[in-house]
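Participant: Sharing a structure here in structure tokens format.
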Amino acid sequence: AKPHVVVIGGGAGGATAARYLMKDSEGALDVTLIEPNATYYTCFFSNLYLGGFRDFDSLGHTYGKLADMGIKVVQDMATGVDRAARTVTLGNGDVLNYDRLVIAPGIDFVDDSVPGWSLDVAEVMPHAYKAGPQTQLLKSQVEAMPQGGTFAMVAPPNPYRCPPGPYERISMVAHLLKTNNPTGKILIFDPKENFSKRALFEEGWQKHYSGMVTWIGPDLGGANVEVRADTMEVIVDGEAEKVDVCNVIPAQKAGMIAATAGITDDAGWAPVDPASMRSKSDENIYVLGDASAQGDMPKSGFSANSQAKVAAMAIRGELTDSRVFPARYSNTCWSLIAPDDGVKVGASYEPTEEKIASVESFISETGEDAALRKSTYEESLGWYSGITADMFG
Ligand code: FAD
């Protein structure tokens, strides 16, 4: 029999890994992809959907092309991993044997990280940090806000997926309100002293949405909030603030199956070898994307895609004796602040002994002219179509 690679999670990391394992091994490997959803909705560009720049269907991707390549796509949850026996158990009770296992389940939320919030109230106070119905719910809530109403965001502590994501979201909500609800207000409660591309976002908020956005950092109580879903209140340092929409983005950890497999650390992430993405706890397991603890790369779809190619190459090398090149990684995170006002931050990375380390980075500057910002936005459109084709075929 051919060596068998099982991939858990058909998102940015897992879909890319499955595709590259199949494509580059030219039939020498059996590849199974386990994913419970028939359609994967990208979190990337989900903020643009909120802002009215994309329709929802444009975020959806299916697994037909991966199946056409010969990847066995199993629509189920992985519920258990037996590392000694090298098996994965599925929700339906089936047991799959593997030679190598790729774990790419994305994130789960840390229980009780925001007092008063749990998944039980996510229908009232959405996280919209796993794309799909939650993203649609948040958009409909923003559209239904009363004139002059308040949108609140409880921003997450580090590390979390997509460092600029919450702030791009604020920009897109502000854009919607500017058109439909110009006296609406936005409050951000943030436990962090600082955030990604802050100068760029603050400049953009001032320019496009003057007076609408208030950022409340840890000094003013942003790290000490509680929410009450039944009364739609945010309690800040003991003071209740009534809001109309409350987007709670909790603290995060690796998707549950990583902990079930016993490969996570105390912080809830799965440490990996920076040169290959191999789990530090098990030489037959690789971890990709948000779930991994790897060093300097932000948790992003771009990063997950980049890491997946390195892991696929390492796995092929082990199982088929093919050539393995030194690992190189890259990432860029684009954000849209207002129509045609795009900014970006990115870097290239190489493995050191301890971590994946940033070697060269770049970031948009404040005060850039409109033409440059427009071309940065257009670059992001090309990136989205290119990377989703690289993931899903
Ligand atoms: P995911 O893409 O989340 O995939 C994980 C998959 O695993 C899911 O499909 C899930 O259903 C499946 N799964 C989980 N558990 C199991 C299990 N037990 N069994 C089987 N399957 C399982 N990144 C960018 O690069 N650019 C951006 O512009 C960008 N914008 C973003 C905006 C927002 C609002 C958000 C929230 C994120 C954004 N990101 C962006 C980040 C990006 O979405 C994630 O970093 C990326 O999806 C991580 O890929 P992943 O493969 O680790 O996880």
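Within each chain, counting starts at residue 1; across the structure tokens, chains are named A, B, ... in the order shown, with ligands numbered 1 upward in that order.
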Within 7 Å of ligand 1 (counting only C-alpha atoms and all ligand atoms), which residues show up? I'd like them as an MDAnalysis selection string.

Facilitator: chainID A and resid 8:14 34:37 40 42:47 76:79 104:107 128:131 161:162 165:166 169 255:257 288:291 299:304 332:335

Participant: Would you give me, as CSV, each residue of stretch 315-365 of chain A having an atom within 12 Å of an atom of stretch 27-33 of chain A, along with its shortest atom pair and that distance in Å to one decimal, using only C-alpha atoms and sorting by chain and residue number?

Facilitator:
```
residue,atom,partner,partner_atom,distance
A:Ile315,CA,A:Leu29,CA,10.1
A:Arg316,CA,A:Leu29,CA,8.2
A:Gly317,CA,A:Leu29,CA,11.4
A:Glu318,CA,A:Leu29,CA,11.4
A:Leu319,CA,A:Leu29,CA,8.1
A:Thr320,CA,A:Ala28,CA,7.1
A:Asp321,CA,A:Ala28,CA,10.7
A:Ser322,CA,A:Ala28,CA,10.6
```

Participant: So which residues touch stretch 270-279 of chain A within 7 Å, counting only C-alpha atoms, skipping near sequence neighbours fewer than 4 positions away, as a JSON list (two decimals) with N, CA, C and O atoms, in the first residue's frame?

Facilitator:
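The resulting part37.json:
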```json
[["chain", "number", "residue", "atom", "x", "y", "z"],
["A", 254, "ALA", "N", -5.40, 26.70, 20.22],
["A", 254, "ALA", "CA", -5.47, 25.79, 19.07],
["A", 254, "ALA", "C", -6.80, 25.06, 19.06],
["A", 254, "ALA", "O", -7.37, 24.75, 20.12],
["A", 258, "ALA", "N", -6.18, 19.43, 18.68],
["A", 258, "ALA", "CA", -4.74, 19.47, 18.98],
["A", 258, "ALA", "C", -4.50, 19.11, 20.44],
["A", 258, "ALA", "O", -3.57, 18.37, 20.78],
["A", 263, "ILE", "N", -0.77, 17.39, 22.02],
["A", 263, "ILE", "CA", 0.42, 18.03, 21.46],
["A", 263, "ILE", "C", 0.48, 19.53, 21.74],
["A", 263, "ILE", "O", 1.27, 20.24, 21.13],
["A", 264, "THR", "N", -0.37, 20.02, 22.67],
["A", 264, "THR", "CA", -0.37, 21.46, 22.96],
["A", 264, "THR", "C", 0.41, 21.77, 24.23],
["A", 264, "THR", "O", 0.62, 20.90, 25.08],
["A", 265, "ASP", "N", 0.83, 23.04, 24.35],
["A", 265, "ASP", "CA", 1.56, 23.50, 25.54],
["A", 265, "ASP", "C", 0.58, 24.14, 26.54],
["A", 265, "ASP", "O", -0.63, 24.14, 26.32],
["A", 283, "GLU", "N", 6.88, 12.78, 16.20],
["A", 283, "GLU", "CA", 7.54, 12.93, 14.90],
["A", 283, "GLU", "C", 6.66, 12.55, 13.71],
["A", 283, "GLU", "O", 7.01, 12.83, 12.57],
["A", 285, "ILE", "N", 3.55, 13.68, 13.41],
["A", 285, "ILE", "CA", 2.48, 14.69, 13.32],
["A", 285, "ILE", "C", 3.06, 16.05, 12.94],
["A", 285, "ILE", "O", 4.11, 16.46, 13.46],
["A", 286, "TYR", "N", 2.38, 16.73, 12.04],
["A", 286, "TYR", "CA", 2.72, 18.10, 11.65],
["A", 286, "TYR", "C", 1.55, 18.99, 12.01],
["A", 286, "TYR", "O", 0.39, 18.56, 11.92],
["A", 287, "VAL", "N", 1.84, 20.21, 12.43],
["A", 287, "VAL", "CA", 0.76, 21.14, 12.80],
["A", 287, "VAL", "C", 0.93, 22.41, 11.97],
["A", 287, "VAL", "O", 2.03, 22.96, 11.88],
["A", 288, "LEU", "N", -0.16, 22.87, 11.40],
["A", 288, "LEU", "CA", -0.09, 24.04, 10.51],
["A", 288, "LEU", "C", -1.02, 25.14, 10.96],
["A", 288, "LEU", "O", -2.07, 24.89, 11.55],
["A", 291, "ALA", "N", -3.12, 26.92, 14.73],
["A", 291, "ALA", "CA", -2.96, 26.02, 15.88],
["A", 291, "ALA", "C", -1.52, 25.91, 16.34],
["A", 291, "ALA", "O", -1.23, 25.54, 17.48],
["A", 292, "SER", "N", -0.56, 26.23, 15.45],
["A", 292, "SER", "CA", 0.84, 26.00, 15.78],
["A", 292, "SER", "C", 1.44, 27.14, 16.59],
["A", 292, "SER", "O", 1.03, 28.29, 16.46],
["A", 293, "ALA", "N", 2.42, 26.78, 17.44],
["A", 293, "ALA", "CA", 3.26, 27.77, 18.10],
["A", 293, "ALA", "C", 4.60, 27.69, 17.40],
["A", 293, "ALA", "O", 5.32, 26.70, 17.57],
["A", 294, "GLN", "N", 4.91, 28.69, 16.55],
["A", 294, "GLN", "CA", 6.09, 28.56, 15.69],
["A", 294, "GLN", "C", 7.08, 29.70, 15.81],
["A", 294, "GLN", "O", 8.19, 29.59, 15.34],
["A", 307, "GLN", "N", 3.16, 27.76, 5.46],
["A", 307, "GLN", "CA", 3.63, 26.67, 6.32],
["A", 307, "GLN", "C", 3.24, 25.31, 5.74],
["A", 307, "GLN", "O", 3.99, 24.33, 5.85],
["A", 310, "VAL", "N", 5.72, 23.99, 3.21],
["A", 310, "VAL", "CA", 6.93, 23.48, 3.85],
["A", 310, "VAL", "C", 6.67, 22.09, 4.44],
["A", 310, "VAL", "O", 7.45, 21.15, 4.25],
["A", 311, "ALA", "N", 5.56, 21.95, 5.13],
["A", 311, "ALA", "CA", 5.24, 20.66, 5.76],
["A", 311, "ALA", "C", 5.02, 19.59, 4.70],
["A", 311, "ALA", "O", 5.49, 18.45, 4.84],
["A", 314, "ALA", "N", 8.30, 18.40, 3.49],
["A", 314, "ALA", "CA", 9.00, 17.57, 4.47],
["A", 314, "ALA", "C", 8.37, 16.17, 4.54],
["A", 314, "ALA", "O", 9.09, 15.16, 4.60],
["A", 327, "ALA", "N", 13.54, 25.44, 4.39],
["A", 327, "ALA", "CA", 12.24, 26.10, 4.57],
["A", 327, "ALA", "C", 12.36, 27.62, 4.46],
["A", 327, "ALA", "O", 13.31, 28.22, 4.99],
["A", 351, "PRO", "N", 13.70, 29.64, 9.39],
["A", 351, "PRO", "CA", 13.80, 28.96, 10.68],
["A", 351, "PRO", "C", 15.15, 29.20, 11.34],
["A", 351, "PRO", "O", 16.18, 29.23, 10.66],
["A", 352, "THR", "N", 15.16, 29.43, 12.65],
["A", 352, "THR", "CA", 16.39, 29.37, 13.44],
["A", 352, "THR", "C", 16.26, 28.13, 14.31],
["A", 352, "THR", "O", 15.28, 27.38, 14.18],
["A", 355, "LYS", "N", 12.95, 29.13, 16.57],
["A", 355, "LYS", "CA", 11.64, 29.59, 16.09],
["A", 355, "LYS", "C", 11.70, 29.95, 14.62],
["A", 355, "LYS", "O", 12.77, 30.04, 14.03],
["A", 356, "ILE", "N", 10.52, 30.19, 14.04],
["A", 356, "ILE", "CA", 10.46, 30.81, 12.72],
["A", 356, "ILE", "C", 10.67, 32.31, 12.96],
["A", 356, "ILE", "O", 9.90, 32.94, 13.69]]
```

Participant: Applying 9 Å and only C-alpha atoms, which residues near A:Ser361 remain after dropping the ones on its own chain fewer than 2 positions away? List them as a ChimeraX atom specification.

Facilitator: /A:345-349,358-359,363

Participant: A:Leu381, A:Ala312, A:Val95, A:Ala251: which is nearest A:Tyr20, counting only C-alpha atoms?

Facilitator: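 Going through A:Leu381, A:Ala312, A:Val95, A:Ala251 one by one, the smallest distance to A:Tyr20 is for A:Ala312.
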
Participant: Show which residues sit within 6 Å of stretch 137-153 of chain A, as a PyMOL selection string. Count only C-alpha atoms, and ignore same-chain residues fewer than 5 positions away.

Facilitator: chain A and resi 50+181+183-188+243-248

Participant: Select from stretch 339-373 of chain A everything DSSP, run on the backbone, classes as strand (DSSP E or B), then give the selection as an NGL selection string.

Facilitator: :A and (341-351 or 356-363)

Participant: Save the residues we just selected, C-alpha atoms, as an mmCIF file, in the first residue's frame?

Facilitator:
```cif
data_model
loop_
_atom_site.group_PDB
_atom_site.id
_atom_site.type_symbol
_atom_site.label_atom_id
_atom_site.label_comp_id
_atom_site.auth_asym_id
_atom_site.auth_seq_id
_atom_site.Cartn_x
_atom_site.Cartn_y
_atom_site.Cartn_z
ATOM 1 C CA ASP A 341 -7.769 52.813 0.930
ATOM 2 C CA GLY A 342 -5.771 49.617 1.439
ATOM 3 C CA VAL A 343 -2.727 49.081 3.675
ATOM 4 C CA LYS A 344 -0.464 46.108 4.260
ATOM 5 C CA VAL A 345 2.150 44.619 6.549
ATOM 6 C CA GLY A 346 4.304 41.627 5.776
ATOM 7 C CA ALA A 347 7.588 39.799 6.114
ATOM 8 C CA SER A 348 9.679 36.877 4.962
ATOM 9 C CA TYR A 349 10.806 34.311 7.505
ATOM 10 C CA GLU A 350 13.409 31.624 8.028
ATOM 11 C CA PRO A 351 13.797 28.961 10.680
ATOM 12 C CA ILE A 356 10.462 30.810 12.724
ATOM 13 C CA ALA A 357 12.141 34.214 12.681
ATOM 14 C CA SER A 358 11.283 37.314 10.692
ATOM 15 C CA VAL A 359 14.150 38.265 8.353
ATOM 16 C CA GLU A 360 12.778 41.168 6.355
ATOM 17 C CA SER A 361 9.582 43.103 6.905
ATOM 18 C CA PHE A 362 7.617 45.956 5.373
ATOM 19 C CA ILE A 363 4.592 48.048 6.285
#
```

Participant: Taking the DSSP assignment computed from this structure's backbone, write out as a PyMOL selection string all residues of stretch 135-279 of chain A that belong to helix (DSSP H, G or I).

Facilitator: chain A and resi 135-143+165-180+198-208+218-220+256-260

Participant: Could you state the separation of atom CA of A:Gly222 and atom CA of A:Trp269 in Å, given to one decimal place?

Facilitator: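 Going from atom CA of A:Gly222 over to atom CA of A:Trp269, I get 24.7 Å.
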
Participant: Using only C-alpha atoms, which residue out of A:Tyr160, A:Phe325, A:Phe201, A:Phe109 lies closest to A:Ala122?

Facilitator: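 Checking each candidate against A:Ala122, we get A:Phe109 as the closest.
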